[in-house]
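In what follows, a single structure is set out as structure tokens and then discussed.
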Amino acid sequence: MTEPKANIVPDQGQDARNIFIVDKAGYAEWLKAQSEPVRASLSAQGFTGKAGEYAILPATAKDGGDWAVVAGVKANEKLGAWCLAHLAEKLPAGTYRLNRREPGAAMLGWTLAHDKFERYKSEREAKEPRILLSGQTPAIAAALAEAKATATVRALVNTPAEDMGPEALEANAAKLAEKYDAELTVTRGDALHKGYPLIHAVGRAATRSHAPRLIELVWGKADALRIAIVGKGVAFDTGGLDLKPSAGMRLMKKDMGGAAHALALAELIMAARLPVRLHMLVPAVENAIAGNAFRPGDVIKSRKGITVEIDNTDAEGRLVLADALTKAVEDKATLIVNFATLTGAARVALGPDLPALFANDDALANDILAQGVAHDDAVWRMPLHAGYTDMLASDIADTANAGGAGMAGAISAALFLQKFVDETTPWAHLDTFAWRAAAKPGRPKGGEALGLRAVWRMLQARYSA
């Protein structure tokens, strides 16, 4: 797992350069209180107080004789997670503190601005850290934990499929099990055929090189409330016999983004010693092509006993999740959350930054939505509209795995998953992109955690002792 450097440290009065925070509305008033040399310098630098801007303030007797920084943010009264990330990327190495205030949520973005995926670089960037001081020691630990989880998702998703196949996902789960004294169970290869037939069907074409498997990690006291975290682990998706075009296949190393979220969330839960019985399930496969690949028109009986007609072999993620969700229900989870890079339709509807949230429980959905807004990790709820269930109708089996002639694709996929969840068990499904196509401060292009912190904060609020 990735371990970002601790770029937030307790403020014990050490020497540091000041960062002044202003917003557009209050900038003129703030500027009036500055000296003429400061006003002249800001004018020369073109600083207007707009969010994302920053400027260097010249040395003044008031500031102790050393230079300082002024940064524009969206709302001075509330610092968002990413409002200082551009400073951490641009400022010279050194130690900084916010003038007369705490950085709060901005600690996350400051730390993640230092996160670079350089595993395959021959020459790595040698850049000294920018340290931010905070007097809120518990908040530092929380920010660093969330930064580590986010960096973990990014690194796992960014790693090419050859180095992040089902066996590598298992290895990452094994490291977590050893670190936190959890129980790891792995069902792999042909052993899946009887108990997890949908997982086996999707992954069987890659058995020789990257055998499919169901990875299960169990942690916590046996009498605690059991929660299940499920992550789609399709290490690479060719589309199977319904082969993707080359453009559609280019980013399919990220199709295990749901598994990356599940692994990172599992560590957050265990590291915080949340008083729950954690059951993490990752169905890990490669959707490949070979003579034994599953075919359009095949009918496969799921672990739950529901027969599934394969309408499209490129709708494979919902198949592997179905068997894993069934196992979570069998083991009496009191809450189930799954993450999956499931549909392009969700991206068409909501774009790359907003995971689509589906839930069978309003309280659960509302809690995730509220935590997402509060912690700059927004998700958007979409309907489990029962009227679209007939899009999954099959003439010869209990259900098809896809359908709808290209309409309501994210909803019909969620409705398929719902068939494998007990209606009395609160369940949330996040259809997340797990990718950032264009860089933003603190958020480089590539793998990304989207919805992770919203769910984590929901769990904290519900289950913290």
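Note on naming: chains are A, B, ... as they come in the structure tokens, residues start from 1 per chain, ligands start from 1 in the order shown.
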Backbone DSSP call of strand (DSSP E) for stretch 186-354 of chain A, listed as a compact mmCIF listing (two decimals) with all heavy atoms, in the first residue's frame:
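Saved result, selection_26.txt, follows:
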# COMPACT_ATOMS: atom_id res chain seq x y z
N VAL A 186 -9.22 -17.26 0.12
CA VAL A 186 -9.21 -17.06 -1.32
C VAL A 186 -9.70 -18.33 -2.00
O VAL A 186 -9.17 -19.42 -1.76
CB VAL A 186 -7.80 -16.70 -1.84
CG1 VAL A 186 -7.83 -16.48 -3.36
CG2 VAL A 186 -7.28 -15.44 -1.13
N THR A 187 -10.72 -18.20 -2.83
CA THR A 187 -11.22 -19.30 -3.65
C THR A 187 -10.82 -18.98 -5.09
O THR A 187 -11.22 -17.94 -5.63
CB THR A 187 -12.75 -19.42 -3.55
OG1 THR A 187 -13.13 -19.48 -2.17
CG2 THR A 187 -13.24 -20.67 -4.25
N ARG A 188 -10.02 -19.83 -5.71
CA ARG A 188 -9.47 -19.45 -7.01
C ARG A 188 -9.60 -20.57 -8.04
O ARG A 188 -9.78 -21.75 -7.71
CB ARG A 188 -8.01 -19.02 -6.86
CG ARG A 188 -7.05 -20.07 -6.40
CD ARG A 188 -5.60 -19.57 -6.41
NE ARG A 188 -5.31 -18.60 -5.36
CZ ARG A 188 -5.04 -18.93 -4.10
NH1 ARG A 188 -5.06 -20.19 -3.74
NH2 ARG A 188 -4.78 -18.00 -3.22
N ARG A 213 -10.48 -15.37 -8.99
CA ARG A 213 -10.56 -15.73 -7.57
C ARG A 213 -11.54 -14.81 -6.84
O ARG A 213 -11.80 -13.68 -7.29
CB ARG A 213 -9.17 -15.64 -6.91
CG ARG A 213 -8.55 -14.24 -6.92
CD ARG A 213 -7.03 -14.33 -6.84
NE ARG A 213 -6.47 -14.87 -8.07
CZ ARG A 213 -5.25 -15.38 -8.19
NH1 ARG A 213 -4.46 -15.44 -7.14
NH2 ARG A 213 -4.82 -15.85 -9.34
N LEU A 214 -12.06 -15.30 -5.74
CA LEU A 214 -12.81 -14.47 -4.80
C LEU A 214 -11.94 -14.30 -3.57
O LEU A 214 -11.58 -15.28 -2.91
CB LEU A 214 -14.15 -15.10 -4.42
CG LEU A 214 -14.94 -14.30 -3.37
CD1 LEU A 214 -15.35 -12.93 -3.91
CD2 LEU A 214 -16.17 -15.06 -2.89
N ILE A 215 -11.59 -13.05 -3.29
CA ILE A 215 -10.75 -12.71 -2.16
C ILE A 215 -11.65 -12.21 -1.03
O ILE A 215 -12.42 -11.26 -1.21
CB ILE A 215 -9.74 -11.61 -2.55
CG1 ILE A 215 -8.90 -12.05 -3.75
CG2 ILE A 215 -8.85 -11.24 -1.37
CD1 ILE A 215 -8.22 -10.90 -4.47
N GLU A 216 -11.55 -12.85 0.13
CA GLU A 216 -12.35 -12.44 1.29
C GLU A 216 -11.44 -12.15 2.47
O GLU A 216 -10.55 -12.94 2.80
CB GLU A 216 -13.34 -13.54 1.68
CG GLU A 216 -14.38 -13.86 0.62
CD GLU A 216 -15.33 -14.93 1.09
OE1 GLU A 216 -16.26 -14.61 1.84
OE2 GLU A 216 -15.12 -16.10 0.70
N LEU A 217 -11.67 -11.03 3.09
CA LEU A 217 -10.94 -10.64 4.30
C LEU A 217 -11.96 -10.37 5.40
O LEU A 217 -12.92 -9.62 5.19
CB LEU A 217 -10.09 -9.40 4.03
CG LEU A 217 -9.22 -8.86 5.17
CD1 LEU A 217 -7.95 -8.22 4.60
CD2 LEU A 217 -9.98 -7.81 6.00
N VAL A 218 -11.76 -10.99 6.56
CA VAL A 218 -12.67 -10.82 7.69
C VAL A 218 -11.86 -10.33 8.89
O VAL A 218 -10.81 -10.88 9.20
CB VAL A 218 -13.40 -12.13 8.04
CG1 VAL A 218 -14.26 -11.95 9.28
CG2 VAL A 218 -14.26 -12.59 6.86
N TRP A 219 -12.36 -9.27 9.53
CA TRP A 219 -11.65 -8.66 10.66
C TRP A 219 -12.66 -8.13 11.66
O TRP A 219 -13.75 -7.71 11.31
CB TRP A 219 -10.78 -7.51 10.13
CG TRP A 219 -10.16 -6.67 11.21
CD1 TRP A 219 -8.95 -6.84 11.81
CD2 TRP A 219 -10.74 -5.50 11.81
NE1 TRP A 219 -8.73 -5.86 12.74
CE2 TRP A 219 -9.82 -5.02 12.77
CE3 TRP A 219 -11.94 -4.81 11.62
CZ2 TRP A 219 -10.06 -3.90 13.54
CZ3 TRP A 219 -12.19 -3.68 12.41
CH2 TRP A 219 -11.25 -3.24 13.36
N ARG A 226 -21.87 -6.82 11.52
CA ARG A 226 -21.11 -7.22 10.33
C ARG A 226 -21.45 -6.28 9.17
O ARG A 226 -22.62 -6.10 8.81
CB ARG A 226 -21.46 -8.66 9.95
CG ARG A 226 -20.55 -9.28 8.89
CD ARG A 226 -20.98 -10.71 8.60
NE ARG A 226 -20.04 -11.40 7.74
CZ ARG A 226 -19.07 -12.19 8.16
NH1 ARG A 226 -18.88 -12.38 9.46
NH2 ARG A 226 -18.26 -12.80 7.30
N ILE A 227 -20.42 -5.68 8.59
CA ILE A 227 -20.60 -4.86 7.40
C ILE A 227 -19.77 -5.46 6.28
O ILE A 227 -18.66 -5.95 6.49
CB ILE A 227 -20.22 -3.39 7.64
CG1 ILE A 227 -18.73 -3.24 7.95
CG2 ILE A 227 -21.06 -2.79 8.76
CD1 ILE A 227 -18.26 -1.79 7.96
N ALA A 228 -20.30 -5.41 5.08
CA ALA A 228 -19.62 -5.98 3.92
C ALA A 228 -19.23 -4.86 2.97
O ALA A 228 -20.06 -4.01 2.62
CB ALA A 228 -20.50 -7.00 3.20
N ILE A 229 -17.98 -4.87 2.54
CA ILE A 229 -17.47 -3.95 1.53
C ILE A 229 -17.06 -4.80 0.34
O ILE A 229 -16.19 -5.67 0.46
CB ILE A 229 -16.27 -3.15 2.05
CG1 ILE A 229 -16.61 -2.44 3.37
CG2 ILE A 229 -15.79 -2.16 1.00
CD1 ILE A 229 -17.71 -1.43 3.28
N VAL A 230 -17.68 -4.56 -0.80
CA VAL A 230 -17.47 -5.37 -1.99
C VAL A 230 -16.89 -4.49 -3.09
O VAL A 230 -17.38 -3.38 -3.32
CB VAL A 230 -18.79 -6.02 -2.46
CG1 VAL A 230 -18.54 -6.95 -3.65
CG2 VAL A 230 -19.47 -6.76 -1.31
N GLY A 231 -15.85 -4.98 -3.78
CA GLY A 231 -15.23 -4.19 -4.83
C GLY A 231 -15.01 -4.99 -6.10
O GLY A 231 -14.43 -6.08 -6.06
N GLY A 233 -13.26 -6.33 -9.07
CA GLY A 233 -11.84 -6.46 -9.35
C GLY A 233 -11.56 -7.03 -10.73
O GLY A 233 -10.86 -8.04 -10.84
N VAL A 234 -12.09 -6.41 -11.77
CA VAL A 234 -11.78 -6.84 -13.13
C VAL A 234 -10.45 -6.20 -13.52
O VAL A 234 -10.39 -5.02 -13.87
CB VAL A 234 -12.89 -6.48 -14.12
CG1 VAL A 234 -12.52 -6.93 -15.54
CG2 VAL A 234 -14.20 -7.14 -13.70
N ALA A 235 -9.38 -6.99 -13.41
CA ALA A 235 -8.03 -6.45 -13.56
C ALA A 235 -7.78 -5.91 -14.96
O ALA A 235 -7.01 -4.97 -15.15
CB ALA A 235 -7.00 -7.51 -13.21
N PHE A 236 -8.40 -6.51 -15.96
CA PHE A 236 -8.39 -5.96 -17.31
C PHE A 236 -9.63 -6.49 -18.02
O PHE A 236 -10.00 -7.65 -17.87
CB PHE A 236 -7.14 -6.36 -18.09
CG PHE A 236 -6.98 -5.55 -19.35
CD1 PHE A 236 -6.43 -4.28 -19.31
CD2 PHE A 236 -7.42 -6.03 -20.57
CE1 PHE A 236 -6.30 -3.50 -20.46
CE2 PHE A 236 -7.30 -5.27 -21.73
CZ PHE A 236 -6.74 -3.99 -21.67
N ASP A 237 -10.26 -5.58 -18.79
CA ASP A 237 -11.50 -5.95 -19.46
C ASP A 237 -11.37 -5.74 -20.97
O ASP A 237 -11.42 -4.62 -21.46
CB ASP A 237 -12.65 -5.10 -18.91
CG ASP A 237 -13.99 -5.45 -19.56
OD1 ASP A 237 -14.09 -6.55 -20.13
OD2 ASP A 237 -14.91 -4.61 -19.48
N ARG A 277 -17.58 -5.87 12.50
CA ARG A 277 -17.06 -7.11 11.93
C ARG A 277 -16.98 -6.87 10.43
O ARG A 277 -18.01 -6.86 9.73
CB ARG A 277 -17.98 -8.28 12.25
CG ARG A 277 -17.54 -9.63 11.71
CD ARG A 277 -16.36 -10.19 12.46
NE ARG A 277 -16.18 -11.62 12.18
CZ ARG A 277 -15.13 -12.32 12.59
NH1 ARG A 277 -14.15 -11.74 13.27
NH2 ARG A 277 -15.04 -13.61 12.32
N LEU A 278 -15.80 -6.62 9.92
CA LEU A 278 -15.61 -6.28 8.51
C LEU A 278 -15.51 -7.54 7.66
O LEU A 278 -14.78 -8.47 7.98
CB LEU A 278 -14.32 -5.47 8.36
CG LEU A 278 -13.83 -5.23 6.92
CD1 LEU A 278 -14.81 -4.35 6.15
CD2 LEU A 278 -12.44 -4.62 6.91
N HIS A 279 -16.26 -7.53 6.55
CA HIS A 279 -16.16 -8.59 5.56
C HIS A 279 -15.91 -7.93 4.22
O HIS A 279 -16.83 -7.33 3.63
CB HIS A 279 -17.45 -9.42 5.54
CG HIS A 279 -17.39 -10.63 4.64
ND1 HIS A 279 -18.51 -11.37 4.31
CD2 HIS A 279 -16.36 -11.24 4.01
CE1 HIS A 279 -18.17 -12.37 3.52
NE2 HIS A 279 -16.86 -12.30 3.32
N MET A 280 -14.67 -7.96 3.76
CA MET A 280 -14.34 -7.40 2.44
C MET A 280 -14.32 -8.52 1.42
O MET A 280 -13.70 -9.56 1.63
CB MET A 280 -12.97 -6.72 2.48
CG MET A 280 -12.61 -6.02 1.17
SD MET A 280 -10.83 -5.69 1.00
CE MET A 280 -10.23 -7.34 0.59
N LEU A 281 -15.00 -8.29 0.29
CA LEU A 281 -15.05 -9.28 -0.78
C LEU A 281 -14.62 -8.63 -2.10
O LEU A 281 -15.19 -7.60 -2.49
CB LEU A 281 -16.45 -9.86 -0.94
CG LEU A 281 -17.08 -10.51 0.29
CD1 LEU A 281 -18.02 -9.52 0.97
CD2 LEU A 281 -17.85 -11.78 -0.09
N VAL A 282 -13.64 -9.22 -2.74
CA VAL A 282 -13.17 -8.74 -4.04
C VAL A 282 -13.18 -9.89 -5.03
O VAL A 282 -12.33 -10.79 -4.95
CB VAL A 282 -11.75 -8.14 -3.94
CG1 VAL A 282 -11.20 -7.84 -5.34
CG2 VAL A 282 -11.76 -6.87 -3.10
N PRO A 283 -14.15 -9.93 -5.94
CA PRO A 283 -14.09 -10.91 -7.03
C PRO A 283 -13.08 -10.39 -8.06
O PRO A 283 -13.30 -9.34 -8.68
CB PRO A 283 -15.51 -10.92 -7.58
CG PRO A 283 -16.07 -9.58 -7.21
CD PRO A 283 -15.36 -9.12 -5.97
N ALA A 284 -11.96 -11.10 -8.21
CA ALA A 284 -10.85 -10.62 -9.03
C ALA A 284 -10.70 -11.51 -10.26
O ALA A 284 -10.47 -12.73 -10.12
CB ALA A 284 -9.55 -10.61 -8.22
N VAL A 285 -10.83 -10.93 -11.43
CA VAL A 285 -10.79 -11.70 -12.68
C VAL A 285 -10.13 -10.86 -13.76
O VAL A 285 -9.98 -9.64 -13.63
CB VAL A 285 -12.21 -12.08 -13.16
CG1 VAL A 285 -12.96 -12.90 -12.12
CG2 VAL A 285 -13.01 -10.82 -13.52
N GLU A 286 -9.76 -11.51 -14.86
CA GLU A 286 -9.48 -10.81 -16.10
C GLU A 286 -10.48 -11.30 -17.13
O GLU A 286 -10.65 -12.51 -17.32
CB GLU A 286 -8.05 -11.07 -16.59
CG GLU A 286 -7.75 -10.36 -17.90
CD GLU A 286 -6.29 -10.45 -18.34
OE1 GLU A 286 -5.44 -10.81 -17.52
OE2 GLU A 286 -6.03 -10.16 -19.52
N ASN A 287 -11.17 -10.37 -17.76
CA ASN A 287 -12.15 -10.72 -18.79
C ASN A 287 -11.40 -10.84 -20.11
O ASN A 287 -11.22 -9.86 -20.84
CB ASN A 287 -13.25 -9.66 -18.87
CG ASN A 287 -14.40 -10.08 -19.78
OD1 ASN A 287 -14.56 -11.26 -20.09
ND2 ASN A 287 -15.19 -9.11 -20.21
N VAL A 299 -26.30 -19.41 -20.77
CA VAL A 299 -27.09 -19.26 -19.55
C VAL A 299 -26.29 -19.86 -18.41
O VAL A 299 -25.87 -21.03 -18.48
CB VAL A 299 -28.46 -19.93 -19.66
CG1 VAL A 299 -29.20 -19.86 -18.33
CG2 VAL A 299 -29.30 -19.26 -20.75
N ILE A 300 -26.07 -19.07 -17.36
CA ILE A 300 -25.26 -19.50 -16.22
C ILE A 300 -26.09 -19.35 -14.96
O ILE A 300 -26.73 -18.31 -14.73
CB ILE A 300 -23.97 -18.63 -16.12
CG1 ILE A 300 -23.19 -18.69 -17.44
CG2 ILE A 300 -23.09 -19.11 -14.97
CD1 ILE A 300 -22.12 -17.63 -17.54
N LYS A 301 -26.06 -20.38 -14.14
CA LYS A 301 -26.78 -20.35 -12.87
C LYS A 301 -25.89 -19.73 -11.81
O LYS A 301 -24.79 -20.21 -11.56
CB LYS A 301 -27.20 -21.76 -12.46
CG LYS A 301 -28.13 -21.80 -11.25
CD LYS A 301 -28.60 -23.22 -10.99
CE LYS A 301 -29.60 -23.29 -9.85
NZ LYS A 301 -30.07 -24.67 -9.60
N THR A 307 -30.84 -17.85 -12.69
CA THR A 307 -30.18 -18.14 -13.96
C THR A 307 -30.06 -16.85 -14.78
O THR A 307 -30.99 -16.05 -14.86
CB THR A 307 -30.95 -19.19 -14.77
OG1 THR A 307 -32.31 -18.75 -14.96
CG2 THR A 307 -30.93 -20.53 -14.05
N VAL A 308 -28.88 -16.68 -15.38
CA VAL A 308 -28.56 -15.43 -16.08
C VAL A 308 -28.23 -15.74 -17.54
O VAL A 308 -27.30 -16.51 -17.82
CB VAL A 308 -27.37 -14.71 -15.42
CG1 VAL A 308 -27.08 -13.40 -16.14
CG2 VAL A 308 -27.64 -14.46 -13.93
N GLU A 309 -28.98 -15.15 -18.46
CA GLU A 309 -28.63 -15.24 -19.87
C GLU A 309 -27.65 -14.11 -20.20
O GLU A 309 -27.89 -12.95 -19.87
CB GLU A 309 -29.87 -15.11 -20.75
CG GLU A 309 -29.54 -15.25 -22.24
CD GLU A 309 -30.75 -15.11 -23.14
OE1 GLU A 309 -31.81 -14.63 -22.66
OE2 GLU A 309 -30.65 -15.47 -24.33
N LEU A 335 -25.11 -4.40 6.69
CA LEU A 335 -24.98 -3.30 5.75
C LEU A 335 -24.01 -3.73 4.66
O LEU A 335 -22.99 -4.36 4.96
CB LEU A 335 -24.49 -2.03 6.45
CG LEU A 335 -24.30 -0.77 5.59
CD1 LEU A 335 -24.64 0.48 6.40
CD2 LEU A 335 -22.88 -0.66 5.07
N ILE A 336 -24.32 -3.41 3.42
CA ILE A 336 -23.45 -3.77 2.30
C ILE A 336 -23.21 -2.52 1.45
O ILE A 336 -24.16 -1.80 1.11
CB ILE A 336 -24.08 -4.86 1.41
CG1 ILE A 336 -24.36 -6.13 2.22
CG2 ILE A 336 -23.16 -5.18 0.22
CD1 ILE A 336 -25.14 -7.19 1.45
N VAL A 337 -21.95 -2.27 1.14
CA VAL A 337 -21.58 -1.20 0.21
C VAL A 337 -20.68 -1.81 -0.86
O VAL A 337 -19.71 -2.51 -0.53
CB VAL A 337 -20.84 -0.05 0.90
CG1 VAL A 337 -20.45 1.03 -0.13
CG2 VAL A 337 -21.69 0.57 2.00
N ASN A 338 -21.01 -1.58 -2.12
CA ASN A 338 -20.10 -2.04 -3.17
C ASN A 338 -19.65 -0.88 -4.04
O ASN A 338 -20.37 0.10 -4.25
CB ASN A 338 -20.72 -3.16 -4.01
CG ASN A 338 -21.80 -2.70 -4.96
OD1 ASN A 338 -22.99 -2.93 -4.72
ND2 ASN A 338 -21.43 -2.08 -6.08
N PHE A 339 -18.42 -0.99 -4.51
CA PHE A 339 -17.82 -0.02 -5.43
C PHE A 339 -17.53 -0.74 -6.73
O PHE A 339 -17.03 -1.87 -6.73
CB PHE A 339 -16.50 0.52 -4.89
CG PHE A 339 -16.61 1.34 -3.64
CD1 PHE A 339 -16.58 0.74 -2.39
CD2 PHE A 339 -16.72 2.72 -3.70
CE1 PHE A 339 -16.65 1.49 -1.23
CE2 PHE A 339 -16.80 3.49 -2.55
CZ PHE A 339 -16.76 2.87 -1.31
N ALA A 340 -17.80 -0.06 -7.85
CA ALA A 340 -17.53 -0.68 -9.15
C ALA A 340 -17.40 0.37 -10.23
O ALA A 340 -18.16 1.34 -10.27
CB ALA A 340 -18.65 -1.66 -9.51
Give me the residues near stretch 263-276 of chain A as a list in words, where near means some atom within 6 Å (using only C-alpha atoms) and where sequence neighbours in that chain fewer than 2 positions away do not count.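 The neighbour list is Ala149, Gly220, Ala224, Leu225, Arg226, Ala260, His261, Leu278 and Ser464 of chain A.
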Please identify all polymer residues within 6 Å of A:Asp298, counting only C-alpha atoms, omitting same-chain residues fewer than 2 positions from it, and present them as a list in words. Arg295, Pro296, Glu309 and Ile310 of chain A
As an MDAnalysis selection string, please: all residues of stretch 142-211 of chain A that backbone DSSP puts in alpha helix (DSSP H). chainID A and resid 142:158 166:180 192:195 197:203 207:210
Each residue of stretch 336-405 of chain A lying at most 12 Å from stretch 421-426 of chain A should get a row with its shortest atom-to-atom pair and the distance in Å to one decimal, counting only C-alpha atoms; could you produce that, ordered by chain and increasing number, as CSV?
residue,atom,partner,partner_atom,distance
A:Ile336,CA,A:Pro426,CA,6.4
A:Val337,CA,A:Pro426,CA,8.5
A:Asn338,CA,A:Val421,CA,11.2
A:Phe358,CA,A:Pro426,CA,11.1
A:Ala359,CA,A:Pro426,CA,7.5
A:Asn360,CA,A:Pro426,CA,6.2
A:Asp361,CA,A:Pro426,CA,5.4
A:Asp362,CA,A:Pro426,CA,8.9
A:Ala363,CA,A:Pro426,CA,8.9
A:Leu364,CA,A:Pro426,CA,7.0
A:Ala365,CA,A:Pro426,CA,9.3
Selection export as a PDB file, in the first residue's frame, atoms kept: C-alpha atoms:
ATOM      1  CA  ILE A 336     -23.449  -3.765   2.299  1.00  0.00           C
ATOM      2  CA  VAL A 337     -21.577  -1.203   0.206  1.00  0.00           C
ATOM      3  CA  ASN A 338     -20.101  -2.045  -3.174  1.00  0.00           C
ATOM      4  CA  PHE A 358     -27.903   3.671  -5.872  1.00  0.00           C
ATOM      5  CA  ALA A 359     -29.358   2.484  -2.578  1.00  0.00           C
ATOM      6  CA  ASN A 360     -32.303   0.469  -1.322  1.00  0.00           C
ATOM      7  CA  ASP A 361     -32.338   2.415   1.960  1.00  0.00           C
ATOM      8  CA  ASP A 362     -33.042   6.156   2.143  1.00  0.00           C
ATOM      9  CA  ALA A 363     -31.249   6.682   5.460  1.00  0.00           C
ATOM     10  CA  LEU A 364     -28.088   5.049   4.117  1.00  0.00           C
ATOM     11  CA  ALA A 365     -28.213   7.063   0.900  1.00  0.00           C
TER      12      ALA A 365
END
Extract, using only C-alpha atoms, all DNA, RNA and protein residues at most 9 Å from stretch 25-34 of chain A, discarding same-chain residues fewer than 6 positions from it, and format them as a VMD selection string. chain A and resid 48 to 50 72 75 to 76
Please provide the set of residues having any atom within 12 Å of A:Ala142, restricted to only C-alpha atoms, with same-chain residues fewer than 4 positions apart removed, written as a PyMOL selection string. chain A and resi 6+8+104-105+107-108+111+136-138+146-149+268-269+271-272+453+456-457+460
Here is a test: counting only C-alpha atoms, which residue of A:Thr207, A:Asn158, A:Asn312, A:Thr238 is nearest to A:Arg436?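 When distances to A:Arg436 are compared using only C-alpha atoms, the smallest one comes from A:Asn158.
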Show which residues sit within 7 Å of A:Ala85, as a ChimeraX atom specification. Count only C-alpha atoms, and ignore same-chain residues fewer than 6 positions away. /A:109-110,113,441-442
